[in-house]
>>> print(open('input_15.pdb').read())   # PDB, C-alpha atoms
ATOM      1  CA  MET X   1     -13.626 -10.192  21.773  1.00  0.00           C
ATOM      2  CA  ALA X   2     -15.743  -8.087  24.077  1.00  0.00           C
ATOM      3  CA  VAL X   3     -14.089  -6.736  27.184  1.00  0.00           C
ATOM      4  CA  PRO X   4     -15.955  -5.604  30.277  1.00  0.00           C
ATOM      5  CA  ALA X   5     -16.900  -1.932  30.433  1.00  0.00           C
ATOM      6  CA  GLY X   6     -15.358  -1.622  33.878  1.00  0.00           C
ATOM      7  CA  PRO X   7     -13.421  -3.517  36.513  1.00  0.00           C
ATOM      8  CA  VAL X   8     -14.959  -6.909  37.259  1.00  0.00           C
ATOM      9  CA  SER X   9     -14.552  -6.521  41.008  1.00  0.00           C
ATOM     10  CA  THR X  10     -14.532  -3.777  43.605  1.00  0.00           C
ATOM     11  CA  SER X  11     -11.395  -1.765  43.027  1.00  0.00           C
ATOM     12  CA  THR X  12      -9.463   1.274  44.104  1.00  0.00           C
ATOM     13  CA  ASP X  13      -9.466   4.572  42.278  1.00  0.00           C
ATOM     14  CA  VAL X  14      -6.100   3.779  40.703  1.00  0.00           C
ATOM     15  CA  GLU X  15      -7.409   0.419  39.444  1.00  0.00           C
ATOM     16  CA  ARG X  16     -10.472   2.114  37.930  1.00  0.00           C
ATOM     17  CA  VAL X  17      -8.329   4.777  36.229  1.00  0.00           C
ATOM     18  CA  MET X  18      -5.939   2.124  34.921  1.00  0.00           C
ATOM     19  CA  PHE X  19      -8.913   0.221  33.499  1.00  0.00           C
ATOM     20  CA  GLU X  20     -10.287   3.377  31.873  1.00  0.00           C
ATOM     21  CA  PHE X  21      -6.882   4.080  30.321  1.00  0.00           C
ATOM     22  CA  VAL X  22      -6.476   0.526  29.014  1.00  0.00           C
ATOM     23  CA  ASP X  23     -10.044   0.568  27.702  1.00  0.00           C
ATOM     24  CA  ALA X  24      -9.501   3.887  25.884  1.00  0.00           C
ATOM     25  CA  TYR X  25      -6.172   2.613  24.510  1.00  0.00           C
ATOM     26  CA  ASN X  26      -7.801  -0.581  23.223  1.00  0.00           C
ATOM     27  CA  HIS X  27     -10.685   1.292  21.590  1.00  0.00           C
ATOM     28  CA  ALA X  28      -8.277   3.694  19.859  1.00  0.00           C
ATOM     29  CA  PHE X  29      -6.083   0.772  18.732  1.00  0.00           C
ATOM     30  CA  GLU X  30      -9.129  -1.058  17.375  1.00  0.00           C
ATOM     31  CA  ASP X  31     -10.333   2.076  15.527  1.00  0.00           C
ATOM     32  CA  ALA X  32      -6.891   2.654  13.972  1.00  0.00           C
ATOM     33  CA  ALA X  33      -6.715  -0.993  12.876  1.00  0.00           C
ATOM     34  CA  HIS X  34     -10.266  -0.845  11.463  1.00  0.00           C
ATOM     35  CA  ASN X  35      -9.359   2.297   9.493  1.00  0.00           C
ATOM     36  CA  GLN X  36      -6.690   0.229   7.744  1.00  0.00           C
ATOM     37  CA  GLY X  37      -9.083  -2.672   7.115  1.00  0.00           C
ATOM     38  CA  MET X  38      -7.568  -4.838   9.840  1.00  0.00           C
ATOM     39  CA  SER X  39      -8.554  -6.428  13.099  1.00  0.00           C
ATOM     40  CA  MET X  40      -6.593  -5.710  16.265  1.00  0.00           C
ATOM     41  CA  ALA X  41      -4.883  -9.097  15.908  1.00  0.00           C
ATOM     42  CA  HIS X  42      -3.841  -8.322  12.317  1.00  0.00           C
ATOM     43  CA  ALA X  43      -2.410  -4.954  13.389  1.00  0.00           C
ATOM     44  CA  CYS X  44      -0.520  -6.610  16.272  1.00  0.00           C
ATOM     45  CA  VAL X  45       1.106  -9.175  13.990  1.00  0.00           C
ATOM     46  CA  LEU X  46       1.818  -6.688  11.197  1.00  0.00           C
ATOM     47  CA  GLY X  47       3.488  -4.382  13.695  1.00  0.00           C
ATOM     48  CA  ARG X  48       5.827  -7.120  14.889  1.00  0.00           C
ATOM     49  CA  VAL X  49       7.134  -8.352  11.542  1.00  0.00           C
ATOM     50  CA  GLY X  50       9.239  -5.402  10.421  1.00  0.00           C
ATOM     51  CA  THR X  51      12.123  -7.853  10.673  1.00  0.00           C
ATOM     52  CA  PRO X  52      11.643 -11.548   9.896  1.00  0.00           C
ATOM     53  CA  ARG X  53       9.950 -13.413  12.743  1.00  0.00           C
ATOM     54  CA  GLY X  54       8.968 -17.043  13.190  1.00  0.00           C
ATOM     55  CA  MET X  55       5.379 -18.128  13.710  1.00  0.00           C
ATOM     56  CA  GLY X  56       6.186 -19.768  17.056  1.00  0.00           C
ATOM     57  CA  GLU X  57       8.011 -16.652  18.219  1.00  0.00           C
ATOM     58  CA  LEU X  58       4.990 -14.507  17.355  1.00  0.00           C
ATOM     59  CA  ALA X  59       2.587 -16.917  19.051  1.00  0.00           C
ATOM     60  CA  GLU X  60       4.654 -16.925  22.230  1.00  0.00           C
ATOM     61  CA  GLU X  61       5.050 -13.138  22.260  1.00  0.00           C
ATOM     62  CA  LEU X  62       1.323 -12.574  21.743  1.00  0.00           C
ATOM     63  CA  GLY X  63       0.294 -15.353  24.123  1.00  0.00           C
ATOM     64  CA  CYS X  64      -1.792 -17.253  21.613  1.00  0.00           C
ATOM     65  CA  ASP X  65      -1.844 -20.553  19.787  1.00  0.00           C
ATOM     66  CA  ALA X  66       0.411 -20.968  16.733  1.00  0.00           C
ATOM     67  CA  SER X  67      -2.655 -21.907  14.653  1.00  0.00           C
ATOM     68  CA  ASN X  68      -4.099 -18.418  15.352  1.00  0.00           C
ATOM     69  CA  ILE X  69      -0.889 -16.828  14.071  1.00  0.00           C
ATOM     70  CA  THR X  70      -1.055 -19.029  10.977  1.00  0.00           C
ATOM     71  CA  GLN X  71      -4.607 -17.835  10.232  1.00  0.00           C
ATOM     72  CA  ILE X  72      -3.679 -14.180  10.765  1.00  0.00           C
ATOM     73  CA  VAL X  73      -0.572 -14.457   8.602  1.00  0.00           C
ATOM     74  CA  THR X  74      -2.592 -16.196   5.875  1.00  0.00           C
ATOM     75  CA  ARG X  75      -5.056 -13.278   5.836  1.00  0.00           C
ATOM     76  CA  LEU X  76      -2.258 -10.678   5.831  1.00  0.00           C
ATOM     77  CA  GLU X  77      -0.499 -12.600   3.071  1.00  0.00           C
ATOM     78  CA  ALA X  78      -3.709 -12.642   0.998  1.00  0.00           C
ATOM     79  CA  ARG X  79      -3.641  -8.825   1.153  1.00  0.00           C
ATOM     80  CA  SER X  80       0.072  -8.845   0.145  1.00  0.00           C
ATOM     81  CA  LEU X  81       1.013  -7.232   3.475  1.00  0.00           C
ATOM     82  CA  VAL X  82       3.419  -9.992   4.570  1.00  0.00           C
ATOM     83  CA  GLN X  83       5.455 -12.748   2.966  1.00  0.00           C
ATOM     84  CA  ARG X  84       6.677 -16.074   4.293  1.00  0.00           C
ATOM     85  CA  HIS X  85      10.295 -16.989   3.650  1.00  0.00           C
ATOM     86  CA  PRO X  86      12.218 -20.133   4.572  1.00  0.00           C
ATOM     87  CA  ASP X  87      14.313 -19.722   7.715  1.00  0.00           C
ATOM     88  CA  PRO X  88      17.970 -19.720   6.594  1.00  0.00           C
ATOM     89  CA  ALA X  89      19.000 -21.743   9.666  1.00  0.00           C
ATOM     90  CA  ASP X  90      16.253 -24.370   9.283  1.00  0.00           C
ATOM     91  CA  ARG X  91      14.336 -24.452   6.013  1.00  0.00           C
ATOM     92  CA  ARG X  92      11.487 -26.417   7.646  1.00  0.00           C
ATOM     93  CA  PHE X  93      10.441 -23.181   9.374  1.00  0.00           C
ATOM     94  CA  ARG X  94       9.018 -20.034   7.826  1.00  0.00           C
ATOM     95  CA  ARG X  95       9.864 -16.467   8.770  1.00  0.00           C
ATOM     96  CA  ILE X  96       7.280 -13.737   8.286  1.00  0.00           C
ATOM     97  CA  GLN X  97       8.169 -10.232   7.119  1.00  0.00           C
ATOM     98  CA  ARG X  98       6.233  -7.177   5.963  1.00  0.00           C
ATOM     99  CA  THR X  99       6.145  -6.415   2.261  1.00  0.00           C
ATOM    100  CA  PRO X 100       6.481  -2.829   0.976  1.00  0.00           C
ATOM    101  CA  GLU X 101       2.659  -2.697   0.923  1.00  0.00           C
ATOM    102  CA  GLY X 102       2.650  -3.971   4.504  1.00  0.00           C
ATOM    103  CA  GLU X 103       5.146  -1.267   5.472  1.00  0.00           C
ATOM    104  CA  ALA X 104       2.823   1.381   4.031  1.00  0.00           C
ATOM    105  CA  VAL X 105      -0.242   0.001   5.851  1.00  0.00           C
ATOM    106  CA  ASN X 106       1.695  -0.336   9.110  1.00  0.00           C
ATOM    107  CA  THR X 107       2.952   3.246   8.820  1.00  0.00           C
ATOM    108  CA  ALA X 108      -0.594   4.490   8.139  1.00  0.00           C
ATOM    109  CA  PHE X 109      -1.827   2.499  11.149  1.00  0.00           C
ATOM    110  CA  GLU X 110       0.891   3.912  13.423  1.00  0.00           C
ATOM    111  CA  ASP X 111       0.206   7.443  12.197  1.00  0.00           C
ATOM    112  CA  SER X 112      -3.517   7.087  12.880  1.00  0.00           C
ATOM    113  CA  PHE X 113      -3.033   5.499  16.312  1.00  0.00           C
ATOM    114  CA  ALA X 114      -2.520   8.794  18.087  1.00  0.00           C
ATOM    115  CA  PHE X 115      -3.958   7.883  21.495  1.00  0.00           C
ATOM    116  CA  PRO X 116      -0.610   7.410  23.296  1.00  0.00           C
ATOM    117  CA  ARG X 117       0.800  10.634  21.831  1.00  0.00           C
ATOM    118  CA  HIS X 118      -2.321  12.586  22.764  1.00  0.00           C
ATOM    119  CA  ALA X 119      -2.442  11.109  26.264  1.00  0.00           C
ATOM    120  CA  VAL X 120       1.135  12.060  27.130  1.00  0.00           C
ATOM    121  CA  ALA X 121       0.812  15.470  25.487  1.00  0.00           C
ATOM    122  CA  ASN X 122      -1.176  16.472  28.572  1.00  0.00           C
ATOM    123  CA  LEU X 123       1.905  15.841  30.725  1.00  0.00           C
ATOM    124  CA  THR X 124       5.085  17.851  31.138  1.00  0.00           C
ATOM    125  CA  PRO X 125       8.338  16.092  30.195  1.00  0.00           C
ATOM    126  CA  ASP X 126       9.050  15.507  33.904  1.00  0.00           C
ATOM    127  CA  GLU X 127       5.569  14.035  34.416  1.00  0.00           C
ATOM    128  CA  GLN X 128       6.049  11.807  31.364  1.00  0.00           C
ATOM    129  CA  GLN X 129       9.278  10.447  32.842  1.00  0.00           C
ATOM    130  CA  GLN X 130       7.643  10.002  36.235  1.00  0.00           C
ATOM    131  CA  LEU X 131       4.727   8.119  34.652  1.00  0.00           C
ATOM    132  CA  ALA X 132       7.119   5.870  32.707  1.00  0.00           C
ATOM    133  CA  ASP X 133       9.070   5.135  35.895  1.00  0.00           C
ATOM    134  CA  LEU X 134       5.897   4.388  37.865  1.00  0.00           C
ATOM    135  CA  LEU X 135       4.520   2.096  35.159  1.00  0.00           C
ATOM    136  CA  ARG X 136       7.822   0.191  34.994  1.00  0.00           C
ATOM    137  CA  LYS X 137       7.697  -0.172  38.783  1.00  0.00           C
ATOM    138  CA  ALA X 138       4.058  -1.327  38.666  1.00  0.00           C
ATOM    139  CA  LEU X 139       4.996  -3.981  36.069  1.00  0.00           C
ATOM    140  CA  THR X 140       7.790  -5.380  38.208  1.00  0.00           C
ATOM    141  CA  PRO X 141       6.745  -8.682  39.781  1.00  0.00           C
ATOM    142  CA  PRO X 142       6.466  -8.549  43.563  1.00  0.00           C
ATOM    143  CA  PRO X 143       9.221 -10.287  45.530  1.00  0.00           C
ATOM    144  CA  ALA X 144       8.561 -13.934  46.314  1.00  0.00           C
TER     145      ALA X 144
END
>>> encode(input="input_15.pdb", output="structure tokens")
Amino acid sequence: MAVPAGPVSTSTDVERVMFEFVDAYNHAFEDAAHNQGMSMAHACVLGRVGTPRGMGELAEELGCDASNITQIVTRLEARSLVQRHPDPADRRFRRIQRTPEGEAVNTAFEDSFAFPRHAVANLTPDEQQQLADLLRKALTPPPA
């Protein structure tokens, strides 16, 4: 999916910088996924199934349709990166988990996705904590 190259409306400096950061993050994530022969969606799902997860749970967490998760899991399964297992509590449902091959690919992906580490390396430990605190505050919903 193509994303705009800049904010879609007039914005403040902080909004523009946030967009630039998110854009750089996404490009680095996409490059790291591509280097492992995956799409961004495949890398997202593979990263979340270190412990068994249900398809519906993944779909809800990623904000997409369950049929999309099914297609992604099918492709990852074809590469032997994940396996589906019956849910012990309800055998009608399947739980998805990385295989040893999937663990290796996920580790290689995480190692190659250096953008966050490089970005915070420019900050002192105090600045890193301040940034984390400010981002948490920015993500807090405004009072009703």
>>> resolve_selection(input="input_15.pdb", expression="the PyMOL selection byres ((chain X and resi 25-32) around 8)", output="list in words")
Phe21, Val22, Asp23, Ala24, Ala33, His34, Asn35, Gln36, Ser39, Met40, Phe109, Glu110, Ser112, Phe113, Ala114, Phe115 and Pro116 of chain X
>>> closest_residue(input="input_15.pdb", among="X:Met18, X:Ala89, X:Ala132, X:Leu81", to="Gly50 of chain X", atoms="only C-alpha atoms")
X:Leu81
>>> atom_distance(input="input_15.pdb", atom1="atom CA of Glu103 of chain X", atom2="atom CA of Val120 of chain X")
25.7 Å
>>> closest_residue(input="input_15.pdb", among="X:Leu76, X:Met38, X:Ile96, X:Ala43", to="Met55 of chain X", atoms="all atoms listed in the file")
X:Ile96
>>> atom_distance(input="input_15.pdb", atom1="atom CA of Leu131 of chain X", atom2="atom CA of Asp111 of chain X")
22.9 Å
>>> closest_residue(input="input_15.pdb", among="X:Leu134, X:Gln129, X:His85, X:Ser80", to="Pro100 of chain X", atoms="all atoms listed in the file")
X:Ser80
>>> closest_residue(input="input_15.pdb", among="X:Cys44, X:Asp90, X:Arg84, X:Glu77", to="Glu61 of chain X", atoms="all atoms listed in the file")
X:Cys44
>>> atom_distance(input="input_15.pdb", atom1="atom CA of Thr12 of chain X", atom2="atom CA of Pro125 of chain X")
27.0 Å
>>> axis_aligned_box(input="input_15.pdb", around="segment 95-100 of chain X", padding_each_side="8 Å", output="lines of an AutoDock Vina configuration file")
center_x = 8.0
center_y = -9.6
center_z = 4.9
size_x = 19.7
size_y = 29.6
size_z = 23.8
>>> residues_around(input="input_15.pdb", residues="segment 63-71 of chain X", least_positions_apart="4", cutoff="10 Å", atoms="only C-alpha atoms", output="list in words")
Ala41, His42, Val45, Gly54, Met55, Gly56, Glu57, Leu58, Ala59, Arg75, Leu76 and Glu77 of chain X
>>> residues_around(input="input_15.pdb", residues="Glu101 of chain X", least_positions_apart="4", cutoff="10 Å", atoms="only C-alpha atoms", output="list in words")
Arg79, Ser80, Leu81, Val82, Val105, Asn106 and Thr107 of chain X
>>> decode(input="input_15.pdb", residues="segment 55-75 of chain X", atoms="N, CA and C atoms", output="PDB file, in the first residue's frame")
ATOM      1  N   MET X  55      -6.090 -16.790  15.171  1.00  0.00           N
ATOM      2  CA  MET X  55      -6.258 -15.957  13.978  1.00  0.00           C
ATOM      3  C   MET X  55      -7.075 -14.712  14.306  1.00  0.00           C
ATOM      4  N   GLY X  56      -8.176 -14.870  15.034  1.00  0.00           N
ATOM      5  CA  GLY X  56      -9.013 -13.730  15.385  1.00  0.00           C
ATOM      6  C   GLY X  56      -8.269 -12.722  16.238  1.00  0.00           C
ATOM      7  N   GLU X  57      -7.468 -13.236  17.161  1.00  0.00           N
ATOM      8  CA  GLU X  57      -6.658 -12.372  18.031  1.00  0.00           C
ATOM      9  C   GLU X  57      -5.681 -11.547  17.196  1.00  0.00           C
ATOM     10  N   LEU X  58      -5.033 -12.195  16.240  1.00  0.00           N
ATOM     11  CA  LEU X  58      -4.097 -11.488  15.360  1.00  0.00           C
ATOM     12  C   LEU X  58      -4.820 -10.445  14.518  1.00  0.00           C
ATOM     13  N   ALA X  59      -5.972 -10.814  13.968  1.00  0.00           N
ATOM     14  CA  ALA X  59      -6.729  -9.887  13.132  1.00  0.00           C
ATOM     15  C   ALA X  59      -7.132  -8.655  13.936  1.00  0.00           C
ATOM     16  N   GLU X  60      -7.603  -8.872  15.155  1.00  0.00           N
ATOM     17  CA  GLU X  60      -8.010  -7.744  15.986  1.00  0.00           C
ATOM     18  C   GLU X  60      -6.812  -6.853  16.333  1.00  0.00           C
ATOM     19  N   GLU X  61      -5.709  -7.480  16.726  1.00  0.00           N
ATOM     20  CA  GLU X  61      -4.514  -6.718  17.094  1.00  0.00           C
ATOM     21  C   GLU X  61      -3.979  -5.894  15.933  1.00  0.00           C
ATOM     22  N   LEU X  62      -4.032  -6.447  14.729  1.00  0.00           N
ATOM     23  CA  LEU X  62      -3.491  -5.759  13.557  1.00  0.00           C
ATOM     24  C   LEU X  62      -4.537  -4.900  12.847  1.00  0.00           C
ATOM     25  N   GLY X  63      -5.776  -4.947  13.331  1.00  0.00           N
ATOM     26  CA  GLY X  63      -6.822  -4.119  12.745  1.00  0.00           C
ATOM     27  C   GLY X  63      -7.157  -4.494  11.319  1.00  0.00           C
ATOM     28  N   CYS X  64      -7.217  -5.798  11.053  1.00  0.00           N
ATOM     29  CA  CYS X  64      -7.555  -6.228   9.699  1.00  0.00           C
ATOM     30  C   CYS X  64      -8.556  -7.374   9.747  1.00  0.00           C
ATOM     31  N   ASP X  65      -9.032  -7.763   8.608  1.00  0.00           N
ATOM     32  CA  ASP X  65     -10.004  -8.828   8.490  1.00  0.00           C
ATOM     33  C   ASP X  65      -9.344 -10.184   8.736  1.00  0.00           C
ATOM     34  N   ALA X  66     -10.069 -11.100   9.365  1.00  0.00           N
ATOM     35  CA  ALA X  66      -9.531 -12.438   9.645  1.00  0.00           C
ATOM     36  C   ALA X  66      -9.108 -13.157   8.364  1.00  0.00           C
ATOM     37  N   SER X  67      -9.805 -12.886   7.244  1.00  0.00           N
ATOM     38  CA  SER X  67      -9.430 -13.546   5.988  1.00  0.00           C
ATOM     39  C   SER X  67      -8.034 -13.105   5.541  1.00  0.00           C
ATOM     40  N   ASN X  68      -7.646 -11.853   5.834  1.00  0.00           N
ATOM     41  CA  ASN X  68      -6.287 -11.394   5.506  1.00  0.00           C
ATOM     42  C   ASN X  68      -5.262 -12.174   6.310  1.00  0.00           C
ATOM     43  N   ILE X  69      -5.546 -12.374   7.596  1.00  0.00           N
ATOM     44  CA  ILE X  69      -4.632 -13.141   8.452  1.00  0.00           C
ATOM     45  C   ILE X  69      -4.516 -14.564   7.928  1.00  0.00           C
ATOM     46  N   THR X  70      -5.629 -15.137   7.519  1.00  0.00           N
ATOM     47  CA  THR X  70      -5.608 -16.507   6.982  1.00  0.00           C
ATOM     48  C   THR X  70      -4.692 -16.588   5.765  1.00  0.00           C
ATOM     49  N   GLN X  71      -4.785 -15.621   4.858  1.00  0.00           N
ATOM     50  CA  GLN X  71      -3.932 -15.623   3.664  1.00  0.00           C
ATOM     51  C   GLN X  71      -2.462 -15.467   4.037  1.00  0.00           C
ATOM     52  N   ILE X  72      -2.170 -14.581   4.968  1.00  0.00           N
ATOM     53  CA  ILE X  72      -0.779 -14.365   5.390  1.00  0.00           C
ATOM     54  C   ILE X  72      -0.235 -15.620   6.045  1.00  0.00           C
ATOM     55  N   VAL X  73      -1.002 -16.205   6.943  1.00  0.00           N
ATOM     56  CA  VAL X  73      -0.556 -17.424   7.627  1.00  0.00           C
ATOM     57  C   VAL X  73      -0.354 -18.554   6.627  1.00  0.00           C
ATOM     58  N   THR X  74      -1.229 -18.664   5.641  1.00  0.00           N
ATOM     59  CA  THR X  74      -1.069 -19.701   4.612  1.00  0.00           C
ATOM     60  C   THR X  74       0.256 -19.536   3.877  1.00  0.00           C
ATOM     61  N   ARG X  75       0.608 -18.291   3.548  1.00  0.00           N
ATOM     62  CA  ARG X  75       1.882 -18.036   2.849  1.00  0.00           C
ATOM     63  C   ARG X  75       3.080 -18.325   3.769  1.00  0.00           C
TER      64      ARG X  75
END
